[in-house]
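Containing CSV, C-alpha atoms and all ligand atoms: start_12.csv.
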chain,number,residue,atom,x,y,z
A,6,MET,CA,63.0,79.6,-92.4
A,7,ILE,CA,59.7,80.4,-94.1
A,8,ASP,CA,57.5,80.4,-91.1
A,9,GLU,CA,59.2,83.2,-89.1
A,10,THR,CA,59.7,85.7,-91.8
A,11,GLY,CA,57.7,84.0,-94.6
A,12,ASN,CA,55.5,86.9,-95.7
A,13,ALA,CA,58.2,89.5,-95.6
A,14,VAL,CA,60.6,87.3,-97.5
A,15,ALA,CA,58.0,86.5,-100.1
A,16,SER,CA,57.2,90.1,-100.9
A,17,ALA,CA,60.9,91.1,-101.0
A,18,VAL,CA,61.6,88.1,-103.3
A,19,SER,CA,58.9,88.9,-105.8
A,20,LYS,CA,60.1,92.5,-105.9
A,21,ASN,CA,63.6,91.4,-106.7
A,22,LEU,CA,62.5,89.1,-109.5
A,23,GLU,CA,60.4,92.0,-110.9
A,24,VAL,CA,63.4,94.2,-110.9
A,25,ASP,CA,65.4,91.5,-112.7
A,26,GLY,CA,62.7,91.0,-115.2
A,27,LEU,CA,62.5,87.3,-114.3
A,28,ASP,CA,59.2,87.2,-112.5
A,29,ALA,CA,57.1,86.4,-115.6
A,30,LYS,CA,59.1,83.3,-116.3
A,31,TYR,CA,60.2,82.1,-112.8
A,32,SER,CA,59.2,81.9,-109.2
A,33,ARG,CA,61.9,81.8,-106.5
A,34,GLU,CA,61.6,78.8,-104.3
A,35,THR,CA,63.3,77.8,-101.0
A,36,VAL,CA,65.4,74.6,-100.5
A,37,LEU,CA,63.8,72.6,-97.7
A,38,SER,CA,66.2,69.6,-97.5
A,39,VAL,CA,69.2,68.1,-99.2
A,40,ARG,CA,70.1,64.4,-99.2
A,41,ARG,CA,73.5,63.1,-100.3
A,42,TRP,CA,73.6,59.6,-101.7
A,43,SER,CA,77.3,59.6,-102.7
A,44,ASP,CA,80.0,62.1,-103.6
A,45,SER,CA,78.3,62.7,-107.0
A,46,LEU,CA,74.6,62.0,-106.3
A,47,PHE,CA,72.2,64.1,-104.3
A,48,SER,CA,68.5,64.9,-104.0
A,49,PHE,CA,66.9,68.1,-102.9
A,50,VAL,CA,63.4,69.2,-101.9
A,51,MET,CA,62.1,72.7,-102.4
A,52,THR,CA,58.9,74.6,-101.9
A,53,ARG,CA,56.2,74.2,-104.5
A,54,PRO,CA,54.2,77.2,-105.6
A,55,ALA,CA,50.5,76.7,-106.0
A,56,HIS,CA,50.7,77.6,-109.7
A,57,PHE,CA,53.1,74.8,-110.5
A,58,ARG,CA,51.0,71.9,-111.7
A,59,PHE,CA,52.6,68.9,-113.5
A,60,THR,CA,51.9,65.4,-114.6
A,61,ALA,CA,54.0,62.5,-113.3
A,62,GLY,CA,56.9,62.0,-115.6
A,63,GLN,CA,57.4,65.7,-116.6
A,64,PHE,CA,60.4,67.9,-115.9
A,65,ALA,CA,60.9,71.3,-114.4
A,66,ARG,CA,63.4,73.9,-115.4
A,67,ILE,CA,65.4,75.1,-112.4
A,68,GLY,CA,67.6,78.1,-112.4
A,69,LEU,CA,70.6,79.4,-110.4
A,70,GLU,CA,70.8,83.2,-110.2
A,71,VAL,CA,74.0,84.7,-111.4
A,72,THR,CA,74.8,88.3,-110.5
A,73,GLY,CA,74.9,90.5,-113.5
A,74,SER,CA,73.9,87.9,-116.1
A,75,ALA,CA,71.1,85.6,-117.0
A,76,PRO,CA,70.3,82.6,-114.7
A,77,ILE,CA,71.9,79.2,-115.5
A,78,VAL,CA,68.9,76.9,-116.1
A,79,ARG,CA,68.7,73.1,-116.3
A,80,ALA,CA,66.0,70.6,-116.8
A,81,TYR,CA,65.2,68.2,-113.9
A,82,SER,CA,62.5,65.5,-113.8
A,83,VAL,CA,60.3,65.8,-110.7
A,84,VAL,CA,60.7,62.9,-108.3
A,85,SER,CA,57.7,63.9,-106.2
A,86,SER,CA,54.1,62.9,-106.8
A,87,PRO,CA,51.9,65.5,-108.5
A,88,PHE,CA,49.9,65.5,-105.3
A,89,ALA,CA,52.9,66.4,-103.0
A,90,GLU,CA,53.2,69.7,-101.3
A,91,THR,CA,56.9,70.1,-102.1
A,92,LEU,CA,59.1,69.3,-105.2
A,93,GLU,CA,61.9,66.8,-105.0
A,94,PHE,CA,64.7,66.4,-107.6
A,95,PHE,CA,67.6,63.9,-108.1
A,96,SER,CA,70.9,65.2,-109.4
A,97,ILE,CA,74.3,64.1,-110.5
A,98,VAL,CA,77.4,66.3,-110.1
A,99,VAL,CA,78.8,66.8,-113.6
A,100,PRO,CA,82.5,67.3,-113.2
A,101,ASP,CA,83.2,71.0,-114.0
A,102,GLY,CA,79.6,71.5,-115.0
A,103,ALA,CA,78.5,75.1,-114.7
A,104,PHE,CA,75.3,74.2,-113.0
A,105,THR,CA,75.8,71.1,-110.9
A,106,SER,CA,79.2,72.1,-109.6
A,107,ARG,CA,77.4,75.1,-107.9
A,108,LEU,CA,74.3,73.1,-107.1
A,109,LYS,CA,76.2,70.5,-105.2
A,110,ASP,CA,76.8,72.9,-102.4
A,111,LEU,CA,73.1,73.6,-102.0
A,112,LYS,CA,71.9,74.0,-98.4
A,113,VAL,CA,68.6,74.4,-96.6
A,114,GLY,CA,67.3,78.0,-97.0
A,115,ASP,CA,69.0,78.6,-100.4
A,116,HIS,CA,66.8,79.9,-103.2
A,117,LEU,CA,66.4,78.4,-106.7
A,118,LEU,CA,64.4,79.7,-109.6
A,119,LEU,CA,61.6,77.5,-110.9
A,120,GLU,CA,60.2,78.1,-114.4
A,121,ARG,CA,56.5,78.5,-114.0
A,122,ILE,CA,55.4,75.7,-116.4
A,123,PRO,CA,56.5,72.0,-116.6
A,124,TYR,CA,57.7,70.3,-119.7
A,125,GLY,CA,57.9,66.8,-121.3
A,126,TYR,CA,55.9,64.0,-122.7
A,127,LEU,CA,57.2,61.0,-120.8
A,128,THR,CA,53.8,60.6,-119.2
A,129,LEU,CA,51.4,57.7,-119.2
A,130,ALA,CA,48.7,59.8,-120.9
A,131,ARG,CA,50.5,59.3,-124.2
A,132,TYR,CA,49.6,55.6,-124.3
A,133,GLN,CA,46.3,54.7,-125.9
A,134,GLU,CA,47.1,51.5,-127.8
A,135,PRO,CA,47.8,48.9,-126.6
A,136,VAL,CA,45.6,49.5,-123.6
A,137,PRO,CA,47.5,49.5,-120.3
A,138,GLN,CA,48.5,46.0,-119.2
A,139,ASP,CA,52.3,45.8,-118.6
A,140,LEU,CA,54.4,48.8,-117.7
A,141,TRP,CA,58.2,48.6,-118.1
A,142,LEU,CA,60.2,51.5,-116.6
A,143,LEU,CA,63.8,51.2,-117.6
A,144,ALA,CA,66.2,53.8,-116.1
A,145,THR,CA,69.9,54.5,-115.8
A,146,GLY,CA,71.3,56.7,-113.1
A,147,THR,CA,69.3,59.9,-112.4
A,148,GLY,CA,66.9,58.9,-115.2
A,149,LEU,CA,65.1,57.1,-112.3
A,150,ALA,CA,63.5,60.4,-111.3
A,151,PRO,CA,60.4,60.5,-113.5
A,152,PHE,CA,59.6,56.9,-112.7
A,153,LEU,CA,59.5,57.6,-109.0
A,154,SER,CA,56.9,60.2,-109.6
A,155,ILE,CA,54.9,57.9,-111.9
A,156,LEU,CA,54.9,55.2,-109.3
A,157,GLN,CA,53.4,57.4,-106.6
A,158,ASP,CA,50.1,57.6,-108.3
A,159,PHE,CA,47.4,55.1,-107.2
A,160,ALA,CA,45.8,55.2,-110.7
A,161,VAL,CA,48.9,53.7,-112.3
A,162,TRP,CA,48.7,50.7,-109.9
A,163,GLN,CA,45.1,50.3,-110.7
A,164,ASN,CA,45.4,50.7,-114.5
A,165,TYR,CA,48.2,48.2,-115.0
A,166,GLN,CA,48.4,44.5,-114.3
A,167,HIS,CA,52.2,44.3,-114.0
A,168,ILE,CA,54.8,47.0,-113.3
A,169,VAL,CA,58.5,46.4,-113.8
A,170,LEU,CA,61.1,48.9,-112.7
A,171,ALA,CA,64.7,48.2,-113.9
A,172,TYR,CA,67.3,50.6,-112.6
A,173,SER,CA,70.9,50.4,-113.9
A,174,VAL,CA,73.9,52.0,-112.2
A,175,ARG,CA,77.6,51.5,-112.4
A,176,THR,CA,78.3,50.7,-108.7
A,177,ILE,CA,76.2,49.6,-105.8
A,178,GLU,CA,76.9,53.0,-104.0
A,179,GLU,CA,75.0,54.7,-106.9
A,180,LEU,CA,71.8,52.7,-106.2
A,181,ALA,CA,69.7,55.5,-104.7
A,182,TYR,CA,66.1,55.4,-103.5
A,183,VAL,CA,66.2,51.6,-103.0
A,184,HIS,CA,64.4,51.8,-99.6
A,185,GLU,CA,61.7,54.1,-101.2
A,186,ILE,CA,61.3,51.8,-104.2
A,187,ASN,CA,60.8,48.8,-101.9
A,188,ALA,CA,58.2,50.7,-99.9
A,189,LEU,CA,56.3,51.6,-103.0
A,190,ALA,CA,54.6,48.3,-103.6
A,191,ALA,CA,53.7,48.1,-99.9
A,192,THR,CA,52.1,51.5,-100.1
A,193,PHE,CA,50.5,51.5,-103.5
A,194,ALA,CA,49.7,47.9,-104.6
A,195,GLU,CA,46.2,47.1,-103.4
A,196,ASP,CA,44.3,43.9,-103.8
A,197,GLY,CA,43.6,43.5,-107.5
A,198,GLY,CA,46.2,46.1,-108.4
A,199,ALA,CA,49.4,45.7,-110.3
A,200,THR,CA,52.2,43.3,-109.3
A,201,PHE,CA,55.6,45.0,-109.0
A,202,GLN,CA,59.0,43.8,-109.9
A,203,PHE,CA,62.0,45.9,-109.0
A,204,ILE,CA,65.2,44.9,-110.9
A,205,PRO,CA,68.4,46.6,-109.8
A,206,ILE,CA,71.3,46.2,-112.2
A,207,VAL,CA,74.9,47.1,-111.2
A,208,THR,CA,77.1,47.0,-114.3
A,209,ARG,CA,80.6,47.3,-112.8
A,210,ASP,CA,80.2,44.6,-110.2
A,211,SER,CA,80.3,41.2,-111.6
A,212,SER,CA,79.3,39.7,-108.3
A,213,PHE,CA,75.9,41.5,-108.5
A,214,ALA,CA,73.1,39.3,-109.7
A,215,LEU,CA,72.3,41.4,-112.8
A,216,HIS,CA,75.4,43.2,-114.1
A,217,GLU,CA,75.0,43.5,-117.8
A,218,ARG,CA,73.6,46.5,-119.6
A,219,LEU,CA,69.9,46.7,-120.4
A,220,PRO,CA,70.1,46.0,-124.1
A,221,VAL,CA,72.2,42.9,-123.4
A,222,LEU,CA,69.7,41.7,-120.8
A,223,ILE,CA,66.9,42.2,-123.3
A,224,GLN,CA,68.7,40.2,-126.0
A,225,SER,CA,69.6,37.4,-123.6
A,226,GLY,CA,66.0,37.2,-122.2
A,227,LEU,CA,67.4,37.7,-118.6
A,228,LEU,CA,65.4,40.9,-118.1
A,229,GLU,CA,62.1,39.2,-118.9
A,230,GLN,CA,63.1,36.2,-116.8
A,231,SER,CA,63.8,38.6,-113.8
A,232,ALA,CA,60.5,40.4,-114.5
A,233,GLY,CA,58.4,37.2,-114.8
A,234,ILE,CA,56.7,38.6,-117.9
A,235,GLN,CA,57.5,38.9,-121.6
A,236,LEU,CA,58.0,42.0,-123.7
A,237,ASP,CA,55.0,41.9,-126.0
A,238,VAL,CA,53.9,44.2,-128.8
A,239,ALA,CA,50.3,43.7,-127.8
A,240,ARG,CA,50.8,44.3,-124.0
A,241,SER,CA,53.9,46.3,-123.2
A,242,HIS,CA,54.3,50.0,-122.5
A,243,VAL,CA,58.1,50.6,-122.2
A,244,MET,CA,59.5,53.9,-121.0
A,245,LEU,CA,63.3,54.6,-121.2
A,246,CYS,CA,65.0,57.4,-119.3
A,247,GLY,CA,68.7,58.1,-118.7
A,248,ASN,CA,72.0,58.0,-120.6
A,249,PRO,CA,71.3,58.9,-124.2
A,250,GLN,CA,73.4,56.0,-125.5
A,251,MET,CA,71.4,53.6,-123.3
A,252,VAL,CA,68.2,55.0,-124.7
A,253,ASP,CA,69.4,54.5,-128.3
A,254,ASP,CA,70.8,51.0,-127.7
A,255,THR,CA,67.8,49.8,-125.7
A,256,ARG,CA,65.4,51.2,-128.2
A,257,SER,CA,67.1,49.2,-130.9
A,258,ALA,CA,67.0,46.0,-128.7
A,259,LEU,CA,63.3,46.5,-128.2
A,260,LYS,CA,62.6,47.2,-131.9
A,261,ALA,CA,64.5,43.9,-132.7
A,262,ARG,CA,61.9,42.3,-130.4
A,263,GLY,CA,59.1,43.8,-132.6
A,264,LEU,CA,58.1,46.6,-130.3
A,265,ILE,CA,57.4,50.0,-131.9
A,266,MET,CA,57.9,53.6,-130.9
A,267,ASN,CA,54.8,55.3,-129.5
A,268,ARG,CA,53.5,58.0,-131.8
A,269,ARG,CA,50.2,59.8,-131.5
A,270,GLY,CA,49.1,57.4,-128.7
A,271,VAL,CA,49.9,54.2,-130.6
A,272,GLY,CA,52.9,52.0,-129.9
A,273,ASN,CA,55.1,50.6,-127.1
A,274,ILE,CA,58.2,52.7,-126.6
A,275,ALA,CA,58.5,56.2,-125.1
A,276,VAL,CA,61.9,57.8,-124.4
A,277,GLU,CA,63.6,60.7,-122.7
A,278,ASN,CA,67.3,61.5,-123.0
A,279,TYR,CA,68.7,62.8,-119.8
A,280,TRP,CA,71.4,65.0,-121.0
B,301,LIG,P1,76.2,56.3,-116.7
B,301,LIG,O1,77.6,56.2,-117.4
B,301,LIG,O2,75.1,56.9,-117.5
B,301,LIG,O3,75.9,54.9,-116.2
B,301,LIG,C1,74.6,54.6,-115.5
B,301,LIG,C2,74.2,53.2,-116.0
B,301,LIG,O4,74.0,53.3,-117.4
B,301,LIG,C3,75.4,52.2,-115.9
B,301,LIG,O5,74.8,51.0,-115.5
B,301,LIG,C4,75.9,52.1,-117.3
B,301,LIG,O6,76.6,50.9,-117.6
B,301,LIG,C5,74.7,52.3,-118.1
B,301,LIG,N1,74.9,52.6,-119.5
B,301,LIG,C6,75.8,53.5,-120.0
B,301,LIG,N2,75.8,53.4,-121.3
B,301,LIG,C7,74.9,52.5,-121.7
B,301,LIG,C8,74.4,52.0,-122.9
B,301,LIG,N3,74.8,52.4,-124.1
B,301,LIG,N4,73.5,51.0,-122.9
B,301,LIG,C9,73.0,50.5,-121.7
B,301,LIG,N5,73.4,51.0,-120.5
B,301,LIG,C10,74.3,51.9,-120.5
B,301,LIG,O7,76.5,57.0,-115.3
B,301,LIG,P2,75.9,58.2,-114.6
B,301,LIG,O8,76.6,58.2,-113.3
B,301,LIG,O9,74.4,58.3,-114.6
B,301,LIG,O10,76.5,59.4,-115.5
B,301,LIG,C11,77.8,59.4,-116.0
B,301,LIG,C12,78.2,60.7,-116.5
B,301,LIG,O11,77.2,61.2,-117.4
B,301,LIG,C13,78.3,61.7,-115.5
B,301,LIG,O12,79.6,61.7,-114.8
B,301,LIG,C14,78.0,63.0,-116.2
B,301,LIG,O13,79.2,63.6,-116.7
B,301,LIG,C15,77.1,62.6,-117.3
B,301,LIG,N6,75.7,63.0,-116.9
B,301,LIG,C16,75.4,64.3,-117.3
B,301,LIG,C17,74.1,64.8,-117.0
B,301,LIG,C18,73.7,66.2,-117.4
B,301,LIG,O14,72.7,66.6,-117.0
B,301,LIG,N7,74.6,66.9,-118.1
B,301,LIG,C19,73.2,64.0,-116.3
B,301,LIG,C20,73.6,62.7,-115.9
B,301,LIG,C21,74.9,62.2,-116.3
B,301,LIG,P3,78.2,50.8,-117.7
B,301,LIG,O15,78.7,50.7,-116.3
B,301,LIG,O16,78.4,49.5,-118.4
B,301,LIG,O17,78.7,52.0,-118.4

Spell out the structure here as structure tokens.
Amino acid sequence: MIDETGNAVASAVSKNLEVDGLDAKYSRETVLSVRRWSDSLFSFVMTRPAHFRFTAGQFARIGLEVTGSAPIVRAYSVVSSPFAETLEFFSIVVPDGAFTSRLKDLKVGDHLLLERIPYGYLTLARYQEPVPQDLWLLATGTGLAPFLSILQDFAVWQNYQHIVLAYSVRTIEELAYVHEINALAATFAEDGGATFQFIPIVTRDSSFALHERLPVLIQSGLLEQSAGIQLDVARSHVMLCGNPQMVDDTRSALKARGLIMNRRGVGNIAVENYW
């Protein structure tokens, strides 16, 4: 799509954005692939412009153009590594949602707007004290996305001794990226690097090994038992991303264990609500 007519398309595109007054804020990118995990979950990959630099854990603002009015824009954490040549995102279809009900029909060759700068502070750079030892990444649903980016950085595997990824979904069909997660340790863990524990949780299937919500698993000690390490105010960096109620409830459960919110570099808990 890009190779045959790439240059011509690119100049036509920037001209259109200029006419629309959008070019200062957005670039227009091309969808390269779409992967559907279930009726309501999909991922897409699009071109990455050279100017778009981000830190693992940050989000982009993606826009759909609407004839005659301002684009509809939503925030999406980047799944890809900051070193990747393309940008991948993980999305849920929100029933009757203005954005995702249109986005769900996305196909290769479609165009999306990409705001020129990334956003967000769910990055490992925010942690200074305690020094990196144990990293806990706790996600629900599409809140997994920023953690996939973070886990694709060799420096993370070198800096931490233990990495735990807990990923809670409602049904087993919603467990996306499992193959990729299992491949991460094989790709990134080197001798002397971090150990890795992946803890899938399926909350609406009582036959699944772990099927209670994250705060309950923290209170009962089952999360730590599965991880093989303890939550510890002197060692743990805990990142939460996903359902806002999960973030609230899990934060409370962690605080009850003596962990504190990370502010100005100090503290254990960093959070991002996903909608
Ligand atoms: P979800 O309801 O967020 O469930 C995902 C996981 O989070 C499940 O394991 C669920 O457990 C758990 N969970 C929910 N509340 C929790 C809490 N208070 N504490 C701990 N864990 C909790 O499911 P989803 O499929 O990701 O999203 C559901 C709906 O949220 C969507 O249909 C959509 O309408 C909306 N959503 C909107 C956006 C947006 O950008 N606007 C993005 C994502 C989702 P249980 O099974 O026990 O509930």

Within 7 Å of ligand LIG 301 (chain B) (all atoms listed in the file), residues as a ChimeraX atom specification: /A:97-100,145-147,173-175,206-209,217-220,247-248,250-252,254-255,279-280

Now that the selection is made, can you save its residues with C-alpha atoms as a PDB file, in the coordinates of the input?
ATOM      1  CA  ILE A  97      74.300  64.100-110.500  1.00  0.00           C
ATOM      2  CA  VAL A  98      77.400  66.300-110.100  1.00  0.00           C
ATOM      3  CA  VAL A  99      78.800  66.800-113.600  1.00  0.00           C
ATOM      4  CA  PRO A 100      82.500  67.300-113.200  1.00  0.00           C
ATOM      5  CA  THR A 145      69.900  54.500-115.800  1.00  0.00           C
ATOM      6  CA  GLY A 146      71.300  56.700-113.100  1.00  0.00           C
ATOM      7  CA  THR A 147      69.300  59.900-112.400  1.00  0.00           C
ATOM      8  CA  SER A 173      70.900  50.400-113.900  1.00  0.00           C
ATOM      9  CA  VAL A 174      73.900  52.000-112.200  1.00  0.00           C
ATOM     10  CA  ARG A 175      77.600  51.500-112.400  1.00  0.00           C
ATOM     11  CA  ILE A 206      71.300  46.200-112.200  1.00  0.00           C
ATOM     12  CA  VAL A 207      74.900  47.100-111.200  1.00  0.00           C
ATOM     13  CA  THR A 208      77.100  47.000-114.300  1.00  0.00           C
ATOM     14  CA  ARG A 209      80.600  47.300-112.800  1.00  0.00           C
ATOM     15  CA  GLU A 217      75.000  43.500-117.800  1.00  0.00           C
ATOM     16  CA  ARG A 218      73.600  46.500-119.600  1.00  0.00           C
ATOM     17  CA  LEU A 219      69.900  46.700-120.400  1.00  0.00           C
ATOM     18  CA  PRO A 220      70.100  46.000-124.100  1.00  0.00           C
ATOM     19  CA  GLY A 247      68.700  58.100-118.700  1.00  0.00           C
ATOM     20  CA  ASN A 248      72.000  58.000-120.600  1.00  0.00           C
ATOM     21  CA  GLN A 250      73.400  56.000-125.500  1.00  0.00           C
ATOM     22  CA  MET A 251      71.400  53.600-123.300  1.00  0.00           C
ATOM     23  CA  VAL A 252      68.200  55.000-124.700  1.00  0.00           C
ATOM     24  CA  ASP A 254      70.800  51.000-127.700  1.00  0.00           C
ATOM     25  CA  THR A 255      67.800  49.800-125.700  1.00  0.00           C
ATOM     26  CA  TYR A 279      68.700  62.800-119.800  1.00  0.00           C
ATOM     27  CA  TRP A 280      71.400  65.000-121.000  1.00  0.00           C
TER      28      TRP A 280
END

Neighbour list for Arg240 in chain A as a list in words, cut-off 12 Å, all atoms listed in the file, skip fewer than 4 positions in-chain: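 Returned residues: Tyr132, Gln133, Glu134, Pro135, Val136, Pro137, Gln138, Asp139, Leu140, Trp141, Tyr165, Gln166, His167, Ile168, Ile234, Gln235, Leu236, Gly263, Leu264, Ile265, Val271, Gly272, Asn273 and Ile274 of chain A.
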
For range 265-272 of chain A, take all atoms listed in the file, fit an axis-aligned box around them, add 5 Å to each of the six sides, then output centre and edge lengths in Å rounded to one decimal, as JSON.
{"center_x": 53.5, "center_y": 54.9, "center_z": -130.3, "size_x": 18.8, "size_y": 19.8, "size_z": 13.2}

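Omitting Gly198 in chain A and its sequence neighbours fewer than 3 positions away, and counting all atoms listed in the file, the residues within 10 Å are A:Phe159, A:Ala160, A:Val161, A:Trp162, A:Gln163, A:Asn164, A:Tyr165, A:Gln166, A:His167, A:Ile168, A:Ala190, A:Phe193, A:Ala194, A:Glu195, A:Phe201.
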
Distance in Å - CA of Phe95 in chain A versus CA of Thr52 in chain A: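 A separation of 15.1 Å between them.
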
Residue neighbourhood Glu34 in chain A, 10 Å, all atoms listed in the file, exclusion window fewer than 2 positions, as number ranges by chain: A: 15, 18, 31-32, 36-37, 51-54, 67, 92, 114-119

The selected residues should be written to file as a PDB file, keeping the file's coordinate frame (atoms: C-alpha atoms).
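Okay, result_34.pdb is ready:
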ATOM      1  CA  ALA A  15      58.000  86.500-100.100  1.00  0.00           C
ATOM      2  CA  VAL A  18      61.600  88.100-103.300  1.00  0.00           C
ATOM      3  CA  TYR A  31      60.200  82.100-112.800  1.00  0.00           C
ATOM      4  CA  SER A  32      59.200  81.900-109.200  1.00  0.00           C
ATOM      5  CA  VAL A  36      65.400  74.600-100.500  1.00  0.00           C
ATOM      6  CA  LEU A  37      63.800  72.600 -97.700  1.00  0.00           C
ATOM      7  CA  MET A  51      62.100  72.700-102.400  1.00  0.00           C
ATOM      8  CA  THR A  52      58.900  74.600-101.900  1.00  0.00           C
ATOM      9  CA  ARG A  53      56.200  74.200-104.500  1.00  0.00           C
ATOM     10  CA  PRO A  54      54.200  77.200-105.600  1.00  0.00           C
ATOM     11  CA  ILE A  67      65.400  75.100-112.400  1.00  0.00           C
ATOM     12  CA  LEU A  92      59.100  69.300-105.200  1.00  0.00           C
ATOM     13  CA  GLY A 114      67.300  78.000 -97.000  1.00  0.00           C
ATOM     14  CA  ASP A 115      69.000  78.600-100.400  1.00  0.00           C
ATOM     15  CA  HIS A 116      66.800  79.900-103.200  1.00  0.00           C
ATOM     16  CA  LEU A 117      66.400  78.400-106.700  1.00  0.00           C
ATOM     17  CA  LEU A 118      64.400  79.700-109.600  1.00  0.00           C
ATOM     18  CA  LEU A 119      61.600  77.500-110.900  1.00  0.00           C
TER      19      LEU A 119
END

Given only C-alpha atoms as the counted atoms, nearest of A:Gly102, A:Gly125, A:Gly26, A:Pro87 to Ala275 in chain A: A:Gly125

Long-range neighbours of Phe57 in chain A as a PyMOL selection string, 8 Å cut-off, only C-alpha atoms, 4 positions minimum in chain: chain A and resi 53+121-123

Distance in Å - CA of Leu69 in chain A versus CA of Leu156 in chain A: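 Interatomic distance here is 28.9 Å.
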
Among the residues A:Gly233, A:Tyr126, A:Pro76, A:Ile204, the one that comes closest to Leu180 in chain A [using all atoms listed in the file]: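 Checking each candidate against Leu180 in chain A, we get A:Ile204 as the closest.
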
Gap from CA of Val83 in chain A to CA of Phe59 in chain A - Å, one decimal: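 So the answer is 8.8 Å.
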
Rebuild range 127-140 of chain A so that it carries N, CA, C and O atoms, then output the result as a PDB file, in the frame of the given file.
ATOM      1  N   LEU A 127      57.033  62.362-121.296  1.00  0.00           N
ATOM      2  CA  LEU A 127      57.200  61.000-120.800  1.00  0.00           C
ATOM      3  C   LEU A 127      56.172  60.728-119.718  1.00  0.00           C
ATOM      4  O   LEU A 127      56.456  60.533-118.544  1.00  0.00           O
ATOM      5  N   THR A 128      54.931  60.765-120.160  1.00  0.00           N
ATOM      6  CA  THR A 128      53.800  60.600-119.200  1.00  0.00           C
ATOM      7  C   THR A 128      52.935  59.431-119.735  1.00  0.00           C
ATOM      8  O   THR A 128      52.905  59.133-120.934  1.00  0.00           O
ATOM      9  N   LEU A 129      52.198  58.839-118.830  1.00  0.00           N
ATOM     10  CA  LEU A 129      51.400  57.700-119.200  1.00  0.00           C
ATOM     11  C   LEU A 129      50.205  58.058-120.093  1.00  0.00           C
ATOM     12  O   LEU A 129      49.645  57.220-120.792  1.00  0.00           O
ATOM     13  N   ALA A 130      49.842  59.334-120.072  1.00  0.00           N
ATOM     14  CA  ALA A 130      48.700  59.800-120.900  1.00  0.00           C
ATOM     15  C   ALA A 130      48.948  59.561-122.366  1.00  0.00           C
ATOM     16  O   ALA A 130      48.006  59.507-123.157  1.00  0.00           O
ATOM     17  N   ARG A 131      50.209  59.430-122.761  1.00  0.00           N
ATOM     18  CA  ARG A 131      50.500  59.300-124.200  1.00  0.00           C
ATOM     19  C   ARG A 131      50.132  57.910-124.730  1.00  0.00           C
ATOM     20  O   ARG A 131      50.121  57.704-125.931  1.00  0.00           O
ATOM     21  N   TYR A 132      49.884  56.952-123.839  1.00  0.00           N
ATOM     22  CA  TYR A 132      49.600  55.600-124.300  1.00  0.00           C
ATOM     23  C   TYR A 132      48.093  55.345-124.435  1.00  0.00           C
ATOM     24  O   TYR A 132      47.356  55.404-123.457  1.00  0.00           O
ATOM     25  N   GLN A 133      47.674  55.079-125.659  1.00  0.00           N
ATOM     26  CA  GLN A 133      46.300  54.700-125.900  1.00  0.00           C
ATOM     27  C   GLN A 133      46.196  53.231-126.373  1.00  0.00           C
ATOM     28  O   GLN A 133      45.327  52.474-125.982  1.00  0.00           O
ATOM     29  N   GLU A 134      47.102  52.864-127.247  1.00  0.00           N
ATOM     30  CA  GLU A 134      47.100  51.500-127.800  1.00  0.00           C
ATOM     31  C   GLU A 134      48.542  50.969-127.793  1.00  0.00           C
ATOM     32  O   GLU A 134      49.441  51.678-128.284  1.00  0.00           O
ATOM     33  N   PRO A 135      48.792  49.785-127.281  1.00  0.00           N
ATOM     34  CA  PRO A 135      47.800  48.900-126.600  1.00  0.00           C
ATOM     35  C   PRO A 135      47.312  49.496-125.315  1.00  0.00           C
ATOM     36  O   PRO A 135      47.953  50.390-124.755  1.00  0.00           O
ATOM     37  N   VAL A 136      46.185  49.018-124.858  1.00  0.00           N
ATOM     38  CA  VAL A 136      45.600  49.500-123.600  1.00  0.00           C
ATOM     39  C   VAL A 136      46.567  49.112-122.464  1.00  0.00           C
ATOM     40  O   VAL A 136      47.332  48.152-122.601  1.00  0.00           O
ATOM     41  N   PRO A 137      46.555  49.813-121.339  1.00  0.00           N
ATOM     42  CA  PRO A 137      47.500  49.500-120.300  1.00  0.00           C
ATOM     43  C   PRO A 137      47.351  48.078-119.735  1.00  0.00           C
ATOM     44  O   PRO A 137      46.265  47.650-119.367  1.00  0.00           O
ATOM     45  N   GLN A 138      48.456  47.356-119.803  1.00  0.00           N
ATOM     46  CA  GLN A 138      48.500  46.000-119.200  1.00  0.00           C
ATOM     47  C   GLN A 138      49.842  45.851-118.468  1.00  0.00           C
ATOM     48  O   GLN A 138      49.849  45.718-117.257  1.00  0.00           O
ATOM     49  N   ASP A 139      50.970  45.914-119.233  1.00  0.00           N
ATOM     50  CA  ASP A 139      52.300  45.800-118.600  1.00  0.00           C
ATOM     51  C   ASP A 139      53.069  47.064-118.772  1.00  0.00           C
ATOM     52  O   ASP A 139      53.228  47.555-119.892  1.00  0.00           O
ATOM     53  N   LEU A 140      53.584  47.587-117.673  1.00  0.00           N
ATOM     54  CA  LEU A 140      54.400  48.800-117.700  1.00  0.00           C
ATOM     55  C   LEU A 140      55.821  48.497-117.351  1.00  0.00           C
ATOM     56  O   LEU A 140      56.088  47.988-116.257  1.00  0.00           O
TER      57      LEU A 140
END
